[in-house]
>>> print(open('coords_10.cif').read())   # mmCIF, C-alpha atoms and all ligand atoms
data_input
loop_
_atom_site.label_atom_id
_atom_site.label_comp_id
_atom_site.auth_asym_id
_atom_site.auth_seq_id
_atom_site.Cartn_x
_atom_site.Cartn_y
_atom_site.Cartn_z
CA LEU A 1 27.93 -8.32 22.91
CA ILE A 2 27.93 -9.61 19.34
CA GLU A 3 29.62 -7.29 16.91
CA ARG A 4 26.63 -6.15 14.91
CA MET A 5 24.80 -4.99 18.05
CA ARG A 6 27.69 -2.92 19.43
CA VAL A 7 26.45 0.36 17.96
CA TYR A 8 23.29 0.12 20.07
CA GLY A 9 23.89 1.70 23.45
CA GLU A 10 21.26 2.70 25.98
CA THR A 11 18.00 3.69 24.25
CA ILE A 12 17.29 7.39 23.91
CA PHE A 13 14.09 6.94 25.95
CA ALA A 14 15.96 5.48 28.91
CA GLU A 15 18.65 8.17 28.69
CA MET A 16 16.23 11.10 28.48
CA THR A 17 13.91 9.78 31.18
CA ARG A 18 16.90 9.34 33.49
CA LEU A 19 18.09 12.89 32.73
CA ALA A 20 14.57 14.20 33.32
CA THR A 21 14.35 12.44 36.70
CA GLU A 22 17.80 13.58 37.81
CA THR A 23 17.03 17.20 37.00
CA GLY A 24 13.37 17.29 38.09
CA SER A 25 12.41 18.19 34.54
CA VAL A 26 9.04 18.05 32.89
CA ASN A 27 9.45 14.89 30.81
CA LEU A 28 8.12 15.38 27.30
CA GLY A 29 10.68 12.89 26.01
CA GLN A 30 9.54 9.28 26.41
CA GLY A 31 5.95 8.95 25.20
CA PHE A 32 3.74 7.77 28.02
CA PRO A 33 0.53 9.33 29.33
CA ASP A 34 0.26 10.69 32.87
CA THR A 35 -3.30 9.46 33.35
CA ASP A 36 -4.25 5.79 33.20
CA GLY A 37 -6.80 3.99 31.04
CA PRO A 38 -10.49 3.31 31.73
CA ARG A 39 -11.47 2.44 35.29
CA SER A 40 -13.27 -0.75 34.19
CA LEU A 41 -10.03 -2.01 32.64
CA LEU A 42 -7.96 -1.33 35.76
CA GLU A 43 -10.57 -2.92 38.02
CA ALA A 44 -10.98 -6.00 35.84
CA ALA A 45 -7.23 -6.59 35.87
CA SER A 46 -7.05 -6.29 39.67
CA ARG A 47 -10.05 -8.58 40.05
CA ASN A 48 -8.58 -11.18 37.71
CA ILE A 49 -5.38 -11.34 39.73
CA LEU A 50 -7.25 -11.65 43.05
CA GLU A 51 -9.60 -14.24 41.60
CA GLY A 52 -6.76 -16.46 40.48
CA VAL A 53 -5.97 -15.76 36.82
CA ASN A 54 -2.27 -16.08 37.57
CA GLN A 55 -0.87 -19.05 35.68
CA TYR A 56 0.40 -19.30 32.13
CA PRO A 57 -2.12 -18.33 29.51
CA PRO A 58 -2.01 -20.35 26.26
CA GLY A 59 1.15 -19.54 24.24
CA PRO A 60 -0.76 -17.76 21.45
CA GLY A 61 -2.73 -15.72 24.00
CA ARG A 62 -6.08 -15.97 25.78
CA PRO A 63 -8.78 -16.90 23.25
CA GLU A 64 -11.01 -14.10 24.66
CA LEU A 65 -8.42 -11.50 23.66
CA ARG A 66 -7.69 -13.06 20.27
CA ARG A 67 -11.41 -13.02 19.53
CA ALA A 68 -11.78 -9.40 20.69
CA VAL A 69 -8.89 -8.35 18.42
CA SER A 70 -10.43 -10.21 15.50
CA ARG A 71 -13.77 -8.46 16.16
CA TYR A 72 -12.39 -4.92 16.27
CA ARG A 73 -10.28 -5.35 13.14
CA SER A 74 -13.38 -6.62 11.36
CA ARG A 75 -15.66 -3.90 12.70
CA HIS A 76 -13.30 -0.97 12.08
CA TYR A 77 -11.54 -1.97 8.91
CA GLY A 78 -13.35 -4.97 7.44
CA ILE A 79 -10.25 -7.14 7.95
CA GLU A 80 -11.33 -10.70 8.77
CA LEU A 81 -8.88 -12.60 10.98
CA ASP A 82 -9.26 -16.15 12.27
CA PRO A 83 -8.69 -15.64 16.02
CA ASP A 84 -7.09 -19.09 16.33
CA SER A 85 -4.50 -18.87 13.59
CA GLU A 86 -4.24 -15.23 12.50
CA VAL A 87 -4.02 -13.34 15.82
CA TYR A 88 -1.17 -13.92 18.25
CA ILE A 89 -0.61 -12.15 21.57
CA THR A 90 2.87 -10.85 22.44
CA VAL A 91 4.66 -8.97 25.23
CA GLY A 92 3.87 -5.58 23.78
CA ALA A 93 4.17 -4.62 20.13
CA THR A 94 7.91 -4.63 20.85
CA ALA A 95 8.08 -8.42 21.16
CA GLY A 96 5.88 -8.76 18.07
CA ILE A 97 8.30 -6.58 16.09
CA ALA A 98 11.29 -8.55 17.38
CA ALA A 99 9.75 -11.95 16.67
CA ALA A 100 8.55 -10.89 13.22
CA MET A 101 11.98 -9.62 12.16
CA LEU A 102 13.69 -12.76 13.48
CA ALA A 103 11.09 -14.99 11.83
CA LEU A 104 10.86 -13.32 8.42
CA ILE A 105 14.28 -11.80 7.63
CA GLU A 106 17.12 -13.96 6.32
CA HIS A 107 20.74 -12.85 6.75
CA GLY A 108 21.43 -10.29 4.05
CA ASP A 109 17.79 -9.54 3.29
CA GLU A 110 17.00 -5.86 2.85
CA VAL A 111 14.17 -4.08 4.64
CA VAL A 112 12.87 -0.79 3.28
CA VAL A 113 11.96 1.40 6.22
CA PHE A 114 10.80 5.00 6.45
CA GLU A 115 13.01 7.25 8.54
CA PRO A 116 12.84 8.79 11.06
CA MET A 117 12.03 5.36 12.47
CA TYR A 118 11.04 4.04 15.86
CA ASP A 119 14.24 2.83 17.51
CA SER A 120 13.48 -0.88 17.86
CA TYR A 121 13.17 -1.43 14.10
CA ALA A 122 16.82 -0.71 13.36
CA ALA A 123 18.07 -2.87 16.21
CA MET A 124 15.79 -5.80 15.41
CA ILE A 125 16.49 -5.76 11.66
CA THR A 126 20.19 -5.79 12.58
CA LEU A 127 19.77 -8.61 15.10
CA ALA A 128 17.96 -10.64 12.44
CA GLY A 129 20.93 -10.11 10.10
CA GLY A 130 18.97 -7.81 7.78
CA VAL A 131 20.05 -4.58 6.12
CA ARG A 132 18.07 -1.34 6.27
CA ARG A 133 17.26 0.66 3.19
CA PRO A 134 15.93 3.98 4.52
CA VAL A 135 13.42 6.16 2.71
CA THR A 136 13.37 9.59 4.29
CA LEU A 137 10.17 11.39 5.28
CA ARG A 138 10.58 15.13 4.78
CA PRO A 139 8.26 18.08 5.43
CA ASP A 140 6.21 19.01 2.39
CA PRO A 141 7.32 22.56 1.48
CA GLU A 142 3.73 23.76 1.33
CA THR A 143 1.98 21.98 4.18
CA GLY A 144 4.88 21.10 6.48
CA ARG A 145 3.52 17.56 6.72
CA PHE A 146 6.18 14.82 6.64
CA THR A 147 5.84 12.63 3.58
CA PHE A 148 7.96 10.56 1.17
CA ASP A 149 8.93 10.81 -2.45
CA PRO A 150 7.53 7.76 -4.30
CA ALA A 151 10.60 7.76 -6.57
CA GLU A 152 12.83 7.42 -3.50
CA LEU A 153 10.73 4.50 -2.31
CA ARG A 154 11.06 2.76 -5.66
CA ALA A 155 14.80 3.42 -5.79
CA ALA A 156 15.23 1.78 -2.37
CA VAL A 157 13.95 -1.58 -3.63
CA GLY A 158 16.50 -4.01 -5.04
CA PRO A 159 16.93 -7.72 -5.68
CA ARG A 160 17.62 -8.49 -2.00
CA THR A 161 14.60 -6.56 -0.69
CA ARG A 162 12.34 -8.77 1.39
CA MET A 163 10.09 -6.39 3.27
CA VAL A 164 8.73 -2.86 3.58
CA LEU A 165 8.19 -1.68 7.14
CA VAL A 166 5.45 0.91 7.62
CA ASN A 167 4.49 2.73 10.80
CA SER A 168 1.30 4.78 10.58
CA PRO A 169 0.28 6.82 12.50
CA HIS A 170 3.98 7.56 12.50
CA ASN A 171 6.29 8.02 15.47
CA PRO A 172 8.04 10.50 15.64
CA THR A 173 6.64 12.75 12.88
CA GLY A 174 2.91 12.39 13.64
CA THR A 175 2.12 11.73 9.97
CA VAL A 176 -0.90 9.55 9.25
CA PHE A 177 -0.35 8.00 5.82
CA THR A 178 -3.20 8.67 3.40
CA ALA A 179 -4.81 5.94 1.28
CA ALA A 180 -2.92 7.36 -1.71
CA GLU A 181 0.44 7.14 0.07
CA LEU A 182 -0.34 3.61 1.19
CA GLU A 183 -1.29 2.67 -2.36
CA GLU A 184 2.20 3.78 -3.53
CA ILE A 185 3.67 1.40 -0.97
CA ALA A 186 1.23 -1.39 -1.81
CA ALA A 187 2.01 -1.11 -5.53
CA VAL A 188 5.73 -1.54 -4.83
CA CYS A 189 5.02 -4.57 -2.61
CA ARG A 190 2.87 -6.20 -5.25
CA GLU A 191 5.25 -5.49 -8.14
CA HIS A 192 8.30 -6.84 -6.31
CA ASP A 193 6.47 -9.53 -4.33
CA LEU A 194 7.53 -8.06 -0.97
CA LEU A 195 6.26 -8.67 2.53
CA ALA A 196 4.88 -5.69 4.44
CA PHE A 197 5.15 -5.18 8.15
CA THR A 198 2.92 -2.54 9.70
CA ASP A 199 3.21 -1.04 13.17
CA GLU A 200 -0.22 0.36 14.00
CA VAL A 201 0.13 0.96 17.74
CA TYR A 202 -1.29 4.50 17.33
CA GLU A 203 -4.21 3.32 15.17
CA PHE A 204 -6.84 5.03 17.33
CA LEU A 205 -4.86 8.20 17.98
CA THR A 206 -5.59 10.18 14.82
CA PHE A 207 -6.81 13.78 14.86
CA ASP A 208 -9.08 16.13 12.94
CA GLY A 209 -11.23 13.22 11.78
CA ARG A 210 -8.41 11.59 9.82
CA PRO A 211 -9.00 7.88 9.27
CA HIS A 212 -6.37 5.26 9.98
CA VAL A 213 -6.08 2.99 6.95
CA PRO A 214 -4.38 -0.38 7.54
CA LEU A 215 -2.12 -1.33 4.62
CA ALA A 216 -3.66 -4.83 4.72
CA THR A 217 -6.96 -3.40 3.43
CA LEU A 218 -5.42 -2.44 0.06
CA PRO A 219 -5.73 -4.79 -2.94
CA GLY A 220 -3.32 -7.71 -2.85
CA MET A 221 -1.95 -6.77 0.57
CA ARG A 222 -3.76 -8.94 3.10
CA GLU A 223 -1.84 -12.08 2.16
CA ARG A 224 1.56 -10.38 2.45
CA THR A 225 1.12 -8.12 5.48
CA VAL A 226 1.95 -8.75 9.12
CA SER A 227 0.68 -6.09 11.52
CA VAL A 228 1.19 -5.25 15.16
CA SER A 229 -0.79 -3.16 17.57
CA SER A 230 -0.99 -3.06 21.34
CA VAL A 231 -2.91 -2.03 24.40
CA GLY A 232 -0.39 0.58 25.57
CA LYS A 233 -1.65 3.43 23.39
CA MET A 234 -5.13 2.08 22.86
CA PHE A 235 -5.97 2.37 26.56
CA ALA A 236 -3.16 4.56 27.94
CA VAL A 237 -1.50 1.72 29.87
CA THR A 238 1.95 1.67 28.30
CA GLY A 239 3.37 -0.41 31.15
CA TRP A 240 1.03 -3.31 30.46
CA LYS A 241 3.16 -4.52 27.55
CA THR A 242 0.53 -6.58 25.78
CA GLY A 243 0.33 -6.52 22.01
CA TRP A 244 -0.97 -8.54 19.09
CA VAL A 245 0.45 -9.76 15.81
CA MET A 246 -2.08 -10.09 12.99
CA GLY A 247 -1.84 -11.46 9.48
CA PRO A 248 -2.32 -14.47 7.23
CA GLU A 249 -1.84 -17.85 8.90
CA PRO A 250 1.56 -18.78 7.38
CA LEU A 251 3.16 -15.49 8.45
CA VAL A 252 1.62 -15.51 11.93
CA THR A 253 2.74 -19.14 12.34
CA ALA A 254 6.29 -18.06 11.48
CA VAL A 255 6.18 -15.32 14.12
CA ARG A 256 4.73 -17.76 16.62
CA THR A 257 7.49 -20.29 15.97
CA VAL A 258 10.09 -17.72 17.02
CA ASN A 259 8.16 -16.03 19.79
CA GLN A 260 7.37 -19.25 21.65
CA PHE A 261 11.08 -19.38 22.51
CA LEU A 262 11.41 -15.67 23.26
CA THR A 263 8.65 -15.30 25.84
CA PHE A 264 6.49 -18.43 25.38
CA SER A 265 3.40 -16.43 26.36
CA ALA A 266 2.43 -12.95 27.56
CA ASN A 267 0.66 -12.14 30.86
CA GLY A 268 -2.71 -13.74 31.51
CA ALA A 269 -4.71 -11.59 33.92
CA LEU A 270 -4.28 -8.44 31.83
CA GLN A 271 -5.25 -10.19 28.60
CA LEU A 272 -8.68 -11.06 29.96
CA ALA A 273 -9.28 -7.49 31.13
CA ILE A 274 -8.11 -6.04 27.80
CA ALA A 275 -10.51 -8.32 25.90
CA ASP A 276 -13.47 -6.81 27.78
CA ALA A 277 -12.24 -3.25 27.29
CA ILE A 278 -11.80 -3.77 23.56
CA ASP A 279 -15.43 -4.84 23.37
CA GLY A 280 -16.82 -2.23 25.76
CA GLU A 281 -14.77 0.95 25.98
CA TRP A 282 -15.12 2.63 22.58
CA GLU A 283 -16.41 5.82 24.09
CA TRP A 284 -13.32 6.03 26.26
CA ILE A 285 -11.13 5.68 23.16
CA ALA A 286 -13.05 8.43 21.35
CA ALA A 287 -12.75 10.72 24.38
CA GLN A 288 -9.02 10.01 24.63
CA ARG A 289 -8.55 10.89 20.98
CA ALA A 290 -10.42 14.19 21.38
CA ALA A 291 -8.45 15.06 24.52
CA LEU A 292 -5.14 14.31 22.81
CA GLN A 293 -6.07 16.49 19.86
CA GLY A 294 -6.59 19.37 22.29
CA LYS A 295 -3.24 18.63 23.93
CA ARG A 296 -1.52 18.62 20.56
CA ASP A 297 -2.98 22.05 19.84
CA ARG A 298 -2.02 23.30 23.29
CA LEU A 299 1.61 22.22 23.12
CA ALA A 300 2.00 23.17 19.44
CA ALA A 301 0.74 26.70 20.16
CA GLY A 302 3.04 27.03 23.17
CA LEU A 303 6.09 25.80 21.28
CA ALA A 304 5.32 28.14 18.39
CA GLU A 305 5.08 31.08 20.79
CA THR A 306 8.45 30.12 22.25
CA GLY A 307 9.88 30.41 18.74
CA PHE A 308 10.11 26.83 17.50
CA ASP A 309 8.99 26.00 13.98
CA VAL A 310 6.36 23.41 14.89
CA GLY A 311 5.57 20.43 12.66
CA VAL A 312 2.21 19.02 11.59
CA SER A 313 1.02 16.21 13.87
CA GLU A 314 -1.94 14.26 12.50
CA GLY A 315 -1.80 11.51 15.10
CA THR A 316 0.27 9.75 17.83
CA TYR A 317 1.53 11.34 21.06
CA PHE A 318 4.16 13.46 19.32
CA VAL A 319 4.95 16.68 17.53
CA MET A 320 8.25 17.67 15.94
CA ALA A 321 9.80 21.09 16.48
CA ASP A 322 12.58 22.71 14.47
CA ILE A 323 15.13 24.54 16.65
CA ARG A 324 16.71 26.63 13.91
CA PRO A 325 14.48 29.70 14.38
CA LEU A 326 15.83 29.82 17.96
CA GLY A 327 19.35 30.04 16.58
CA TYR A 328 20.44 26.44 17.23
CA THR A 329 21.43 23.66 14.87
CA SER A 330 22.14 20.51 16.91
CA GLY A 331 19.05 18.84 18.35
CA VAL A 332 21.25 16.32 20.16
CA ASP A 333 23.13 19.11 21.96
CA ILE A 334 19.93 20.98 22.82
CA ALA A 335 18.15 17.83 24.03
CA ARG A 336 21.10 17.05 26.33
CA ALA A 337 21.19 20.65 27.63
CA LEU A 338 17.46 21.33 28.02
CA PRO A 339 16.82 19.30 31.18
CA ARG A 340 19.51 21.17 33.13
CA GLU A 341 19.03 24.57 31.50
CA ALA A 342 15.26 24.69 31.09
CA GLY A 343 13.90 21.82 33.18
CA VAL A 344 12.26 20.18 30.18
CA ALA A 345 13.15 16.90 28.46
CA ALA A 346 12.55 16.14 24.77
CA VAL A 347 14.01 13.60 22.35
CA PRO A 348 16.46 14.60 19.58
CA ALA A 349 14.97 13.31 16.34
CA GLN A 350 18.42 12.54 14.94
CA VAL A 351 18.43 9.22 16.80
CA PHE A 352 15.56 8.01 14.59
CA TYR A 353 17.52 8.52 11.35
CA ASP A 354 20.11 6.43 9.52
CA ARG A 355 21.13 9.29 7.29
CA GLU A 356 23.36 11.61 9.17
CA LYS A 357 22.08 15.14 9.61
CA GLU A 358 18.60 14.59 8.15
CA GLY A 359 16.88 15.26 11.46
CA GLU A 360 19.69 17.18 13.10
CA HIS A 361 17.64 20.27 13.90
CA LEU A 362 14.49 18.55 15.16
CA LEU A 363 13.24 17.75 18.64
CA ARG A 364 10.34 15.41 19.34
CA PHE A 365 7.97 16.53 22.09
CA ALA A 366 5.32 14.25 23.66
CA PHE A 367 1.97 15.94 24.42
CA CYS A 368 0.25 12.98 26.16
CA LYS A 369 0.35 14.86 29.49
CA LYS A 370 -2.02 16.81 31.72
CA ASP A 371 -2.73 20.32 30.44
CA GLY A 372 -1.02 21.86 33.47
CA VAL A 373 2.12 19.83 32.76
CA LEU A 374 2.17 21.04 29.14
CA ASP A 375 1.67 24.65 30.30
CA ASP A 376 4.47 24.24 32.81
CA ALA A 377 6.80 22.92 30.09
CA VAL A 378 5.97 25.84 27.81
CA ALA A 379 6.50 28.36 30.64
CA ARG A 380 9.90 26.81 31.38
CA LEU A 381 10.90 26.87 27.72
CA THR A 382 9.80 30.48 27.41
CA ALA A 383 11.84 31.45 30.46
CA TRP A 384 14.84 29.55 29.09
CA HIS A 385 14.72 31.17 25.70
N1 LIG B 1 5.88 0.96 17.99
C1 LIG B 1 5.87 2.29 18.12
C2 LIG B 1 5.80 3.14 16.90
C3 LIG B 1 5.93 2.87 19.39
O1 LIG B 1 5.94 4.19 19.52
C4 LIG B 1 6.03 2.03 20.52
C5 LIG B 1 6.19 2.65 21.86
N2 LIG B 1 5.20 2.41 22.68
C6 LIG B 1 6.00 0.64 20.34
C7 LIG B 1 5.93 0.15 19.06
C8 LIG B 1 6.06 -0.32 21.48
O2 LIG B 1 4.81 -0.73 21.92
P1 LIG B 1 4.66 -1.67 23.19
O3 LIG B 1 4.79 -0.84 24.40
O4 LIG B 1 3.32 -2.29 23.05
O5 LIG B 1 5.74 -2.71 23.13
N1 LIG B 2 6.93 4.59 22.35
C1 LIG B 2 7.42 5.50 23.33
C2 LIG B 2 8.24 6.59 22.65
O1 LIG B 2 8.46 6.56 21.47
C3 LIG B 2 8.23 4.80 24.40
C4 LIG B 2 9.26 3.90 23.88
C5 LIG B 2 10.15 3.25 24.90
O2 LIG B 2 10.24 3.67 26.04
N2 LIG B 2 10.82 2.23 24.48
O3 LIG B 2 8.63 7.48 23.34
#
>>> encode(input="coords_10.cif", output="structure tokens", more="lines below")
Ligand code: PMP
Ligand code: GLN
Amino acid sequence: LIERMRVYGETIFAEMTRLATETGSVNLGQGFPDTDGPRSLLEAASRNILEGVNQYPPGPGRPELRRAVSRYRSRHYGIELDPDSEVYITVGATAGIAAAMLALIEHGDEVVVFEPMYDSYAAMITLAGGVRRPVTLRPDPETGRFTFDPAELRAAVGPRTRMVLVNSPHNPTGTVFTAAELEEIAAVCREHDLLAFTDEVYEFLTFDGRPHVPLATLPGMRERTVSVSSVGKMFAVTGWKTGWVMGPEPLVTAVRTVNQFLTFSANGALQLAIADAIDGEWEWIAAQRAALQGKRDRLAAGLAETGFDVGVSEGTYFVMADIRPLGYTSGVDIARALPREAGVAAVPAQVFYDREKEGEHLLRFAFCKKDGVLDDAVARLTAWH
């Protein structure tokens, strides 16, 4: 393994899911739902395979899916994308992130990224030869909501900064950045002529009526922003690994130049099915969002009763919980012990931070599970404590 990748061992998701399986634990670690997406989507995919949609799709993706993506971004956010040159289909958002970092980061370039951060960002910035400049999200003393200090953001930008990486709705904190927060980021991008990369995979999973605002909709941002989203969270089919990269033509062409040699194309049969669902299953998405909001409340209440200090989750599949009121300090130790001791798996938030100790006392719990599974997890945690 090349030297700069040696610090990256097995991902935390693989480790915790393995531990959960070995111990028969309730797995609230890796974020994946335990019910599948809309029936019409599953049936269309099966039908496509049986009817012979089984050879390579075009490298940039099936035109039906590129057009469907262009339509929903226009309808929901007023972002106009040319489906032929400004939308590009990848093997999940993950491949889009990888290709974008490899295509847009020169060796030595700095990337400003909010921590805690989804694990693939750090690894892919490193693989591209880039350097991370973390800006830490911390709970607001009054509301408990994770947010950033604009002064810290500005201080993170230097002469070698190339890009700001933004994930909203944010994994693992559950923060949905407000228009005002995004404007702070946009202003920095404009002033320093930076690229922005936005990971919007949880774009439709926001709660309490909160809107998702794409950074590209802010003044001066469309021409400098590359965005990814994917079907996994949109339609609760995380194993389908189909995503899309969106942005101005020169940036999407750069991503495409790299990605054609990473995967050449993504799957074909699923792309066709996803295109139809994007056009036709908005009620399903709204129902999923409402159900997840209820699950958030259910798990948050249960964790609070167990004694955790529970964070504010405005979106995503996740809620953070502080273990200090239970008398513990190391989330990594507790996360490793919980499957055996309590029969529950969670993810230690520390793995999402560059700065040592910032997230030491936090666990991330996934609530995208059946109500009975959440209740079972809470009962086990209560018995353990
Ligand atoms: N970004 C974030 C913030 C995620 O939580 C995930 C996990 N699903 C991904 C990207 C990866 O998405 P995909 O499965 O489409 O590759
Ligand atoms: N996005 C999911 C999570 O954060 C799963 C990630 C993965 O398995 N790579 O848990």
>>> closest_residue(input="coords_10.cif", among="A:Ala93, A:Leu338, A:Val166, A:Ile2", to="ligand LIG 1 (chain B)", atoms="all atoms listed in the file")
A:Ala93
>>> atom_distance(input="coords_10.cif", atom1="CA of Arg256 in chain A", atom2="CA of Pro58 in chain A")
12.0 Å
>>> residues_near_point(input="coords_10.cif", point="(12.5, -4.0, 18.6)", cutoff="6 Å", atoms="all atoms listed in the file", output="VMD selection string")
chain A and resid 94 97 to 98 120 to 121 124
>>> write_last_selection(input="coords_10.cif", atoms="C-alpha atoms", output="mmCIF file, keeping the file's coordinate frame")
data_model
loop_
_atom_site.group_PDB
_atom_site.id
_atom_site.type_symbol
_atom_site.label_atom_id
_atom_site.label_comp_id
_atom_site.auth_asym_id
_atom_site.auth_seq_id
_atom_site.Cartn_x
_atom_site.Cartn_y
_atom_site.Cartn_z
ATOM 1 C CA THR A 94 7.910 -4.630 20.850
ATOM 2 C CA ILE A 97 8.300 -6.580 16.090
ATOM 3 C CA ALA A 98 11.290 -8.550 17.380
ATOM 4 C CA SER A 120 13.480 -0.880 17.860
ATOM 5 C CA TYR A 121 13.170 -1.430 14.100
ATOM 6 C CA MET A 124 15.790 -5.800 15.410
#
>>> residues_near_ligand(input="coords_10.cif", ligand="ligand LIG 2 (chain B)", cutoff="8 Å", atoms="all atoms listed in the file", output="list in words")
Thr11, Phe13, Ala14, Gly29, Gln30, Gly31, Phe32, Tyr118, Asp119, Ser120, Asn171, Pro172 and Ala366 of chain A
>>> write_last_selection(input="coords_10.cif", atoms="C-alpha atoms", output="JSON list (two decimals), in the coordinates of the input")
[["chain", "number", "residue", "atom", "x", "y", "z"],
["A", 11, "THR", "CA", 18.00, 3.69, 24.25],
["A", 13, "PHE", "CA", 14.09, 6.94, 25.95],
["A", 14, "ALA", "CA", 15.96, 5.48, 28.91],
["A", 29, "GLY", "CA", 10.68, 12.89, 26.01],
["A", 30, "GLN", "CA", 9.54, 9.28, 26.41],
["A", 31, "GLY", "CA", 5.95, 8.95, 25.20],
["A", 32, "PHE", "CA", 3.74, 7.77, 28.02],
["A", 118, "TYR", "CA", 11.04, 4.04, 15.86],
["A", 119, "ASP", "CA", 14.24, 2.83, 17.51],
["A", 120, "SER", "CA", 13.48, -0.88, 17.86],
["A", 171, "ASN", "CA", 6.29, 8.02, 15.47],
["A", 172, "PRO", "CA", 8.04, 10.50, 15.64],
["A", 366, "ALA", "CA", 5.32, 14.25, 23.66]]
>>> residues_around(input="coords_10.cif", residues="Glu10 in chain A", least_positions_apart="4", cutoff="12 Å", atoms="only C-alpha atoms", output="list in words")
Met5, Arg6, Ala14, Glu15, Met16, Thr17, Arg18, Asp119, Ser120, Ala123 and Val351 of chain A
>>> residues_around(input="coords_10.cif", residues="range 373-377 of chain A", least_positions_apart="4", cutoff="8 Å", atoms="all atoms listed in the file", output="ChimeraX atom specification")
/A:26,295,298-299,302,343-344,367,369,381
>>> residues_near_ligand(input="coords_10.cif", ligand="ligand LIG 1 (chain B)", cutoff="9 Å", atoms="all atoms listed in the file", output="JSON, numbers by chain")
{"A": [30, 31, 32, 90, 91, 92, 93, 94, 95, 96, 97, 117, 118, 119, 120, 121, 167, 168, 169, 170, 171, 172, 199, 200, 201, 202, 228, 229, 230, 231, 232, 233, 237, 238, 239, 240, 241, 242, 243, 244, 316, 317]}
